[in-house]
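Participant: model05.txt is reproduced below (compact mmCIF, C-alpha atoms and all ligand atoms).
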# COMPACT_ATOMS: atom_id res chain seq x y z
CA MET A 25 -58.37 -60.51 45.04
CA ALA A 26 -58.13 -58.98 48.54
CA PHE A 27 -60.09 -56.63 50.74
CA ALA A 28 -58.95 -54.28 53.50
CA ARG A 29 -60.76 -51.80 55.73
CA VAL A 30 -58.69 -48.62 55.62
CA ASN A 31 -59.70 -45.02 56.34
CA GLY A 32 -63.14 -46.36 57.37
CA VAL A 33 -63.99 -48.04 54.04
CA VAL A 34 -63.47 -51.53 52.62
CA LEU A 35 -61.30 -51.37 49.49
CA HIS A 36 -60.89 -54.16 46.96
CA HIS A 37 -57.33 -54.44 45.71
CA GLU A 38 -54.83 -56.78 44.11
CA MET A 39 -51.04 -57.01 43.95
CA ARG A 40 -49.38 -58.57 40.92
CA GLY A 41 -46.10 -58.65 39.12
CA ALA A 42 -42.50 -58.85 40.19
CA ALA A 43 -41.63 -58.36 43.89
CA GLY A 44 -38.50 -56.28 44.41
CA LYS A 45 -39.11 -54.29 41.22
CA PRO A 46 -40.35 -50.66 41.06
CA THR A 47 -44.00 -50.43 42.09
CA LEU A 48 -46.71 -49.00 39.85
CA VAL A 49 -50.03 -48.15 41.55
CA PHE A 50 -53.05 -47.76 39.26
CA SER A 51 -56.05 -45.56 40.09
CA ASN A 52 -59.05 -45.74 37.79
CA SER A 53 -61.70 -43.35 36.50
CA LEU A 54 -65.31 -42.50 37.29
CA GLY A 55 -67.67 -45.43 36.58
CA THR A 56 -64.93 -48.03 36.09
CA ASP A 57 -63.11 -50.63 38.16
CA PHE A 58 -59.52 -51.80 38.05
CA ARG A 59 -60.15 -54.28 35.24
CA ILE A 60 -59.73 -51.37 32.80
CA TRP A 61 -55.96 -51.78 33.37
CA ASN A 62 -55.86 -55.54 32.66
CA ARG A 63 -54.18 -55.42 29.26
CA VAL A 64 -51.75 -52.65 30.28
CA VAL A 65 -50.76 -54.64 33.36
CA GLU A 66 -50.28 -57.84 31.33
CA ALA A 67 -47.66 -55.96 29.32
CA LEU A 68 -45.88 -54.58 32.41
CA GLU A 69 -46.13 -57.18 35.18
CA ASP A 70 -42.93 -59.07 34.29
CA ASN A 71 -40.85 -55.98 35.03
CA TYR A 72 -42.73 -54.15 37.79
CA ARG A 73 -44.72 -54.78 40.93
CA ILE A 74 -48.32 -53.74 40.31
CA VAL A 75 -50.96 -52.52 42.79
CA LEU A 76 -54.54 -52.25 41.56
CA TYR A 77 -57.49 -51.06 43.62
CA ASP A 78 -61.13 -50.05 43.23
CA LYS A 79 -61.70 -46.63 44.68
CA ARG A 80 -64.52 -46.05 47.16
CA GLY A 81 -67.96 -46.67 45.62
CA HIS A 82 -66.58 -48.49 42.58
CA GLY A 83 -66.01 -52.13 41.61
CA LEU A 84 -66.03 -54.39 44.66
CA SER A 85 -65.08 -51.62 47.10
CA GLU A 86 -67.61 -50.41 49.63
CA ALA A 87 -69.98 -47.66 48.50
CA THR A 88 -70.30 -45.27 51.43
CA PRO A 89 -73.13 -42.69 51.19
CA GLN A 90 -72.58 -39.76 48.81
CA PRO A 91 -71.19 -37.12 48.52
CA TYR A 92 -67.43 -37.67 48.61
CA ARG A 93 -64.54 -35.22 48.65
CA LEU A 94 -61.43 -35.73 46.57
CA SER A 95 -59.56 -35.88 49.89
CA ASP A 96 -61.63 -38.98 50.82
CA HIS A 97 -60.25 -40.76 47.76
CA VAL A 98 -56.71 -39.45 48.39
CA ASN A 99 -56.76 -40.52 52.05
CA ASP A 100 -58.17 -43.93 51.05
CA LEU A 101 -55.25 -44.54 48.70
CA ALA A 102 -52.69 -43.31 51.22
CA ALA A 103 -54.17 -45.61 53.88
CA LEU A 104 -54.23 -48.58 51.49
CA LEU A 105 -50.57 -48.11 50.54
CA ASP A 106 -49.63 -47.78 54.24
CA HIS A 107 -51.64 -50.94 54.99
CA LEU A 108 -49.84 -52.83 52.23
CA GLY A 109 -46.45 -51.48 53.31
CA ILE A 110 -45.89 -49.97 49.88
CA GLY A 111 -43.38 -47.12 49.93
CA ALA A 112 -42.70 -44.53 47.26
CA SER A 113 -44.25 -45.69 43.97
CA VAL A 114 -45.12 -44.53 40.51
CA ILE A 115 -48.79 -43.54 40.67
CA VAL A 116 -50.66 -44.02 37.40
CA GLY A 117 -54.05 -42.30 37.52
CA LEU A 118 -56.77 -41.99 34.92
CA SER A 119 -59.25 -39.09 34.96
CA VAL A 120 -60.46 -38.75 38.58
CA GLY A 121 -57.75 -41.31 39.32
CA GLY A 122 -55.27 -38.77 37.94
CA MET A 123 -56.69 -36.16 40.29
CA ILE A 124 -56.28 -38.63 43.16
CA ALA A 125 -52.65 -39.14 42.04
CA GLN A 126 -52.02 -35.37 42.03
CA GLY A 127 -53.65 -35.08 45.46
CA LEU A 128 -51.54 -37.94 46.86
CA ALA A 129 -48.34 -36.34 45.56
CA THR A 130 -49.28 -33.17 47.45
CA LEU A 131 -50.52 -34.82 50.66
CA ARG A 132 -48.03 -37.68 50.92
CA PRO A 133 -44.96 -36.98 48.78
CA ASP A 134 -43.24 -39.88 50.60
CA LEU A 135 -45.54 -42.28 48.71
CA VAL A 136 -44.94 -40.88 45.23
CA ARG A 137 -41.73 -41.24 43.17
CA ALA A 138 -43.27 -40.20 39.86
CA LEU A 139 -46.67 -39.56 38.27
CA VAL A 140 -48.34 -40.84 35.13
CA LEU A 141 -51.43 -38.69 34.60
CA CYS A 142 -53.73 -40.17 31.96
CA ASP A 143 -56.67 -38.29 30.46
CA THR A 144 -57.08 -36.00 33.43
CA GLY A 145 -56.80 -32.40 34.51
CA HIS A 146 -56.08 -30.13 37.42
CA LYS A 147 -59.78 -29.23 37.16
CA ILE A 148 -62.37 -31.21 35.17
CA GLY A 149 -65.68 -29.72 34.05
CA ASP A 150 -67.68 -27.07 35.89
CA GLN A 151 -70.16 -26.97 38.73
CA ALA A 152 -73.29 -26.79 36.56
CA MET A 153 -72.25 -29.81 34.49
CA TRP A 154 -71.50 -31.97 37.55
CA ASN A 155 -74.66 -30.88 39.38
CA GLN A 156 -76.74 -31.83 36.34
CA ARG A 157 -75.03 -35.19 36.15
CA ILE A 158 -75.52 -35.88 39.87
CA GLU A 159 -79.20 -34.98 39.64
CA THR A 160 -79.80 -37.23 36.62
CA VAL A 161 -77.96 -40.18 38.15
CA ASN A 162 -79.86 -39.88 41.43
CA GLU A 163 -83.24 -39.52 39.72
CA LYS A 164 -82.93 -41.85 36.72
CA GLY A 165 -79.85 -44.02 37.25
CA ILE A 166 -76.54 -44.14 35.39
CA ALA A 167 -78.06 -45.85 32.33
CA ALA A 168 -79.80 -42.56 31.46
CA LEU A 169 -76.35 -41.03 30.82
CA ALA A 170 -74.61 -44.04 29.31
CA ASP A 171 -74.83 -43.05 25.61
CA GLY A 172 -73.21 -39.66 26.17
CA ILE A 173 -70.54 -41.11 28.45
CA MET A 174 -69.64 -43.81 25.93
CA LYS A 175 -69.15 -41.14 23.23
CA ARG A 176 -66.58 -39.46 25.48
CA TRP A 177 -64.94 -42.72 26.53
CA PHE A 178 -64.50 -44.46 23.17
CA THR A 179 -63.87 -43.73 19.49
CA PRO A 180 -66.72 -44.39 17.01
CA ALA A 181 -64.95 -47.53 15.72
CA TYR A 182 -64.80 -49.05 19.23
CA ARG A 183 -68.46 -48.27 19.89
CA ALA A 184 -69.70 -50.79 17.31
CA PRO A 185 -72.64 -52.68 18.86
CA ASP A 186 -71.09 -55.98 17.74
CA ASN A 187 -67.94 -55.25 19.78
CA PRO A 188 -68.42 -57.45 22.87
CA ASP A 189 -65.84 -55.45 24.82
CA PHE A 190 -67.88 -52.28 24.27
CA VAL A 191 -71.00 -54.01 25.60
CA GLY A 192 -68.96 -55.16 28.61
CA TYR A 193 -67.78 -51.66 29.45
CA VAL A 194 -71.33 -50.30 29.24
CA ALA A 195 -72.20 -52.93 31.86
CA MET A 196 -69.22 -51.89 34.01
CA LEU A 197 -70.41 -48.28 33.95
CA THR A 198 -74.09 -48.92 34.59
CA ARG A 199 -73.41 -51.39 37.43
CA THR A 200 -71.44 -48.79 39.38
CA PRO A 201 -73.32 -48.02 42.64
CA VAL A 202 -75.23 -44.73 42.40
CA ASP A 203 -73.66 -43.49 45.65
CA GLY A 204 -70.19 -44.27 44.32
CA TYR A 205 -70.81 -42.59 40.99
CA ALA A 206 -72.66 -39.48 42.19
CA GLY A 207 -70.42 -39.22 45.25
CA THR A 208 -67.33 -39.16 43.04
CA CYS A 209 -68.95 -36.64 40.64
CA ALA A 210 -69.22 -34.32 43.66
CA ALA A 211 -65.56 -34.92 44.48
CA VAL A 212 -64.49 -33.92 40.95
CA ARG A 213 -66.89 -30.95 40.92
CA ASP A 214 -65.34 -29.50 44.08
CA ALA A 215 -61.68 -30.11 43.21
CA ASP A 216 -59.44 -27.43 41.74
CA LEU A 217 -55.84 -28.63 41.98
CA THR A 218 -54.29 -25.83 39.92
CA GLU A 219 -52.12 -24.34 42.65
CA SER A 220 -51.18 -27.53 44.51
CA THR A 221 -50.26 -29.27 41.25
CA ARG A 222 -48.22 -26.27 40.09
CA ALA A 223 -46.08 -26.77 43.21
CA LEU A 224 -45.28 -30.43 42.40
CA LYS A 225 -41.68 -31.22 41.56
CA LEU A 226 -41.38 -34.83 40.45
CA PRO A 227 -41.01 -36.74 37.18
CA THR A 228 -44.37 -36.63 35.40
CA LEU A 229 -45.73 -38.10 32.20
CA CYS A 230 -49.13 -36.91 30.94
CA LEU A 231 -51.00 -39.06 28.41
CA CYS A 232 -54.21 -38.46 26.48
CA GLY A 233 -56.22 -40.15 23.77
CA ASP A 234 -56.42 -38.00 20.63
CA GLN A 235 -60.23 -38.33 20.64
CA ASP A 236 -60.81 -37.92 24.37
CA GLY A 237 -64.20 -36.17 24.70
CA ALA A 238 -64.03 -35.76 28.50
CA THR A 239 -60.51 -34.42 29.16
CA PRO A 240 -59.33 -33.45 25.67
CA PRO A 241 -55.66 -33.11 24.66
CA ALA A 242 -55.75 -29.31 25.19
CA LEU A 243 -56.65 -29.78 28.88
CA VAL A 244 -54.01 -32.46 29.40
CA ARG A 245 -51.36 -30.26 27.75
CA GLU A 246 -52.38 -27.44 30.10
CA LEU A 247 -52.01 -29.82 33.06
CA ALA A 248 -48.53 -30.83 31.85
CA SER A 249 -47.54 -27.17 31.52
CA LEU A 250 -48.19 -26.69 35.26
CA ILE A 251 -45.58 -29.26 36.31
CA GLU A 252 -41.98 -28.33 35.60
CA GLY A 253 -40.40 -30.79 33.17
CA ALA A 254 -43.58 -32.83 32.61
CA ARG A 255 -43.85 -34.60 29.26
CA CYS A 256 -47.14 -34.90 27.37
CA GLU A 257 -47.90 -37.66 24.85
CA ILE A 258 -51.03 -37.99 22.72
CA ILE A 259 -52.12 -41.56 21.91
CA GLU A 260 -53.71 -42.01 18.49
CA ASN A 261 -57.04 -43.73 17.94
CA ALA A 262 -58.20 -43.56 21.54
CA GLY A 263 -60.88 -41.73 23.48
CA HIS A 264 -60.89 -41.15 27.24
CA LEU A 265 -59.65 -44.66 28.06
CA PRO A 266 -56.46 -45.39 26.08
CA CYS A 267 -55.75 -48.20 28.56
CA ILE A 268 -58.66 -50.03 26.91
CA GLU A 269 -58.46 -48.90 23.29
CA GLN A 270 -54.65 -48.76 22.98
CA PRO A 271 -53.24 -50.83 25.87
CA LEU A 272 -49.92 -51.66 24.24
CA ALA A 273 -49.16 -48.05 23.28
CA THR A 274 -50.16 -47.00 26.81
CA ALA A 275 -47.98 -49.67 28.44
CA LYS A 276 -45.02 -48.79 26.21
CA LEU A 277 -45.20 -45.12 27.19
CA ILE A 278 -45.53 -45.95 30.90
CA GLY A 279 -42.70 -48.53 30.85
CA GLY A 280 -40.37 -46.22 28.90
CA PHE A 281 -41.04 -43.33 31.27
CA VAL A 282 -40.50 -45.43 34.39
CA ASP A 283 -37.28 -46.93 33.06
CA GLN A 284 -35.99 -43.46 32.25
CA HIS A 285 -36.64 -42.11 35.75
CA ILE A 286 -36.58 -45.05 38.18
CA SER A 287 -33.72 -47.51 38.38
CA ARG A 288 -34.76 -51.15 38.68
O1 LIG B 1 -67.32 -39.96 32.59
C1 LIG B 1 -66.81 -38.99 32.07
O2 LIG B 1 -67.47 -38.14 31.50
C2 LIG B 1 -65.34 -38.81 32.12
C3 LIG B 1 -64.77 -38.60 33.45
C4 LIG B 1 -64.64 -37.44 34.12
C5 LIG B 1 -63.98 -37.68 35.39
C6 LIG B 1 -63.72 -39.13 35.29
O3 LIG B 1 -63.11 -39.83 36.08
O4 LIG B 1 -64.24 -39.61 34.14
Output the structure of this file as structure tokens.
Ligand SMILES: O=C(O)CC1=CCC(=O)O1
Facilitator:
Amino acid sequence: MAFARVNGVVLHHEMRGAAGKPTLVFSNSLGTDFRIWNRVVEALEDNYRIVLYDKRGHGLSEATPQPYRLSDHVNDLAALLDHLGIGASVIVGLSVGGMIAQGLATLRPDLVRALVLCDTGHKIGDQAMWNQRIETVNEKGIAALADGIMKRWFTPAYRAPDNPDFVGYVAMLTRTPVDGYAGTCAAVRDADLTESTRALKLPTLCLCGDQDGATPPALVRELASLIEGARCEIIENAGHLPCIEQPLATAKLIGGFVDQHISR
């Protein structure tokens, strides 16, 4: 566990795994912190160096006042990697984390060797949907939206009330600072990466849970079609967070992709 003030915000981060091996940097989704990657990282850390961080307004990172821009999150990650002395890495991003990864590849191609874009898009949702969500969160708190969010995040089987992990992830969501959550909703609302992502030329793997209710397989396939040569894989029996519901399948796809494109 470590903290650094970079780009004017304190970010919580952690480095694990094998020094001298290819580096994988993980960027997480709206309403989550970097613990969502725990089981994926356990499967990968013997062979790769791992960087985990909580984006602005999430986990143990500082929650600056809303709203945020996607470029705030992108500049935060660039500054953190510069601070840590991490050069070109494989950036693995989930949902808004995948948008941050796309943005970093455009802004700082020197920091990105390859992309793994999980359950994300070049544009997610529309203005009315995000404005409604921001209003509800600011007026009533995140708990008012939790049921709907959980239906998009997880399959019905995982959402069993006697599944302690499910109860834990509801707590992770609802304990996210309101400024961090609503601020990041605004960042996603205002981001359309279609043209900048179409210009990317680097090895890319897109992944998506077959039951993702937030960024469904059709959107992720469309994202993959923008990037020349990108591969798209659908993970069975997973919603929006395959890293939680299917960590071993997720880790296997990431490890196989990295080994194919990056020499150790
Ligand atoms: O919370 C959701 O509905 C799913 C989501 C959209 C962007 C993100 O990061 O998560």
Participant: For ligand LIG 1 (chain B), what centre and edge lengths in Å (one decimal) does the axis-aligned box get once 8 Å is added on each side of all its listed atoms, as lines of an AutoDock Vina configuration file?
Facilitator:
center_x = -65.3
center_y = -38.7
center_z = 33.8
size_x = 20.4
size_y = 18.5
size_z = 20.6
Participant: Please return as number ranges by chain the residues found within 9 Å of ligand LIG 1 (chain B), counting all atoms listed in the file.
Facilitator: A: 52-56, 118-123, 143-145, 148-149, 170, 172-177, 197, 208-209, 212, 237-239, 264
Participant: Which distance in Å separates CA of Lys276 in chain A and CA of Arg137 in chain A, to one decimal?
Facilitator: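 Computing the Euclidean distance for CA of Lys276 in chain A and CA of Arg137 in chain A yields 18.9 Å.
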Participant: May I have the residues at most 9 Å from (-50.8, -52.0, 29.7) in the file's coordinates, counting all atoms listed in the file, as an MDAnalysis selection string?
Facilitator: chainID A and resid 61:69 267:268 270:276 278:279
Participant: Would you work out the distance separating CA of Glu260 in chain A from CA of Arg183 in chain A, expressed in Å to one decimal?
Facilitator: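 Taking CA of Glu260 in chain A and CA of Arg183 in chain A, their separation equals 16.1 Å.
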Participant: My list of candidates is A:Asp171, A:Asp70, A:Glu159, A:Asp100. Which is closest to His36 in chain A when distances are computed with only C-alpha atoms?
Facilitator: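 Checking each candidate against His36 in chain A, we get A:Asp100 as the closest.
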Participant: Using all atoms listed in the file, which of the listed residues (A:Ile60, A:Ala129, A:Ile258, A:Leu247) sits closest to Leu101 in chain A?
Facilitator: A:Ala129
Participant: Nearest to Gly280 in chain A among A:Val140, A:Ile158, A:Val33, A:Ala248, with distances taken over only C-alpha atoms: which residue is it?
Facilitator: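 That would be A:Val140, the residue with the smallest distance to Gly280 in chain A.
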Participant: Show me, as a PyMOL selection string, the residues that have an atom within 10 Å of Val282 in chain A when counting all atoms listed in the file, minus same-chain residues fewer than 5 positions from it.
Facilitator: chain A and resi 46-48+72+114+137-140+227-229+276-277+287-288
Participant: Can those selected residues be exported to a file as a PDB file, in the frame of the given file so that it contains C-alpha atoms?
Facilitator:
ATOM      1  CA  PRO A  46     -40.350 -50.660  41.060  1.00  0.00           C
ATOM      2  CA  THR A  47     -44.000 -50.430  42.090  1.00  0.00           C
ATOM      3  CA  LEU A  48     -46.710 -49.000  39.850  1.00  0.00           C
ATOM      4  CA  TYR A  72     -42.730 -54.150  37.790  1.00  0.00           C
ATOM      5  CA  VAL A 114     -45.120 -44.530  40.510  1.00  0.00           C
ATOM      6  CA  ARG A 137     -41.730 -41.240  43.170  1.00  0.00           C
ATOM      7  CA  ALA A 138     -43.270 -40.200  39.860  1.00  0.00           C
ATOM      8  CA  LEU A 139     -46.670 -39.560  38.270  1.00  0.00           C
ATOM      9  CA  VAL A 140     -48.340 -40.840  35.130  1.00  0.00           C
ATOM     10  CA  PRO A 227     -41.010 -36.740  37.180  1.00  0.00           C
ATOM     11  CA  THR A 228     -44.370 -36.630  35.400  1.00  0.00           C
ATOM     12  CA  LEU A 229     -45.730 -38.100  32.200  1.00  0.00           C
ATOM     13  CA  LYS A 276     -45.020 -48.790  26.210  1.00  0.00           C
ATOM     14  CA  LEU A 277     -45.200 -45.120  27.190  1.00  0.00           C
ATOM     15  CA  SER A 287     -33.720 -47.510  38.380  1.00  0.00           C
ATOM     16  CA  ARG A 288     -34.760 -51.150  38.680  1.00  0.00           C
TER      17      ARG A 288
END
Participant: Find the residues around Leu169 in chain A up to 9 Å (only C-alpha atoms counted), leave out those fewer than 5 positions away in its own chain, and share them as a compact mmCIF listing (two decimals) with C-alpha atoms, keeping the file's coordinate frame.
Facilitator:
# COMPACT_ATOMS: atom_id res chain seq x y z
CA ARG A 157 -75.03 -35.19 36.15
CA THR A 160 -79.80 -37.23 36.62
CA VAL A 161 -77.96 -40.18 38.15
CA LYS A 164 -82.93 -41.85 36.72
CA MET A 174 -69.64 -43.81 25.93
Participant: Considering all atoms listed in the file, state which residue in the set A:Glu86, A:Asp214, A:Glu163, A:Asp134 is at the smallest distance from Leu105 in chain A.
Facilitator: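 Closest to Leu105 in chain A of all the choices is A:Asp134.
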Participant: Please, what distance in Å, to one decimal, runs between CA of Gln156 in chain A and CA of Ala210 in chain A?
Facilitator: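 So the two atoms, CA of Gln156 in chain A and CA of Ala210 in chain A, lie 10.8 Å apart.
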Participant: Around the point (-75.6, -48.3, 34.3) in the file's coordinates, collect all residues with an atom within 6 Å, using all atoms listed in the file, and return them as a compact mmCIF listing (two decimals) with C-alpha atoms, in the coordinates of the input.
Facilitator:
# COMPACT_ATOMS: atom_id res chain seq x y z
CA ILE A 166 -76.54 -44.14 35.39
CA ALA A 167 -78.06 -45.85 32.33
CA LEU A 197 -70.41 -48.28 33.95
CA THR A 198 -74.09 -48.92 34.59
CA ARG A 199 -73.41 -51.39 37.43
Participant: With only C-alpha atoms as the atoms that count, which of A:Gly41, A:Cys256, A:Ser85, A:Ala211 lies nearest to Phe58 in chain A?
Facilitator: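 Under the stated criterion, the closest residue is A:Ser85.
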Participant: Could the residues of range 191-242 of chain A that have an atom at most 12 Å from range 74-79 of chain A be listed as a Markdown table, each with its closest atom pair and the distance in Å to one decimal, counting all atoms listed in the file and ordered by chain and ascending residue number?
Facilitator:
| residue | atom | partner | partner_atom | distance |
| --- | --- | --- | --- | --- |
| A:Thr200 | CA | A:Asp78 | CA | 11.1 |
| A:Pro201 | CA | A:Lys79 | CA | 11.9 |
| A:Gly204 | CA | A:Lys79 | CA | 8.8 |
| A:Tyr205 | CA | A:Lys79 | CA | 10.6 |
| A:Gly207 | CA | A:Lys79 | CA | 11.5 |
| A:Thr208 | CA | A:Lys79 | CA | 9.5 |
Participant: Counting only C-alpha atoms, which of A:Asp216, A:Ala125, A:Ala168, A:Val34 gets nearest to Val194 in chain A?
Facilitator: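 Of the candidates, the smallest distance to Val194 in chain A is held by A:Ala168.
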Participant: Within 7 Å of Ile251 in chain A, counting all atoms listed in the file, which residues show up once you throw out same-chain ones fewer than 2 positions away? Write them as a VMD selection string, please.
Facilitator: chain A and resid 221 to 222 224 to 225 248 to 249 253 to 254
Participant: Would you save the residues of that selection, restricted to C-alpha atoms, as an mmCIF file, in the coordinates of the input?
Facilitator:
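Resulting contents of result_8.cif:
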data_model
loop_
_atom_site.group_PDB
_atom_site.id
_atom_site.type_symbol
_atom_site.label_atom_id
_atom_site.label_comp_id
_atom_site.auth_asym_id
_atom_site.auth_seq_id
_atom_site.Cartn_x
_atom_site.Cartn_y
_atom_site.Cartn_z
ATOM 1 C CA THR A 221 -50.260 -29.270 41.250
ATOM 2 C CA ARG A 222 -48.220 -26.270 40.090
ATOM 3 C CA LEU A 224 -45.280 -30.430 42.400
ATOM 4 C CA LYS A 225 -41.680 -31.220 41.560
ATOM 5 C CA ALA A 248 -48.530 -30.830 31.850
ATOM 6 C CA SER A 249 -47.540 -27.170 31.520
ATOM 7 C CA GLY A 253 -40.400 -30.790 33.170
ATOM 8 C CA ALA A 254 -43.580 -32.830 32.610
#
Participant: Skipping near chain neighbours, those fewer than 3 positions away, what residues fall within 6 Å of Val98 in chain A using all atoms listed in the file, listed as JSON, numbers by chain?
Facilitator: {"A": [95, 101, 124, 128]}
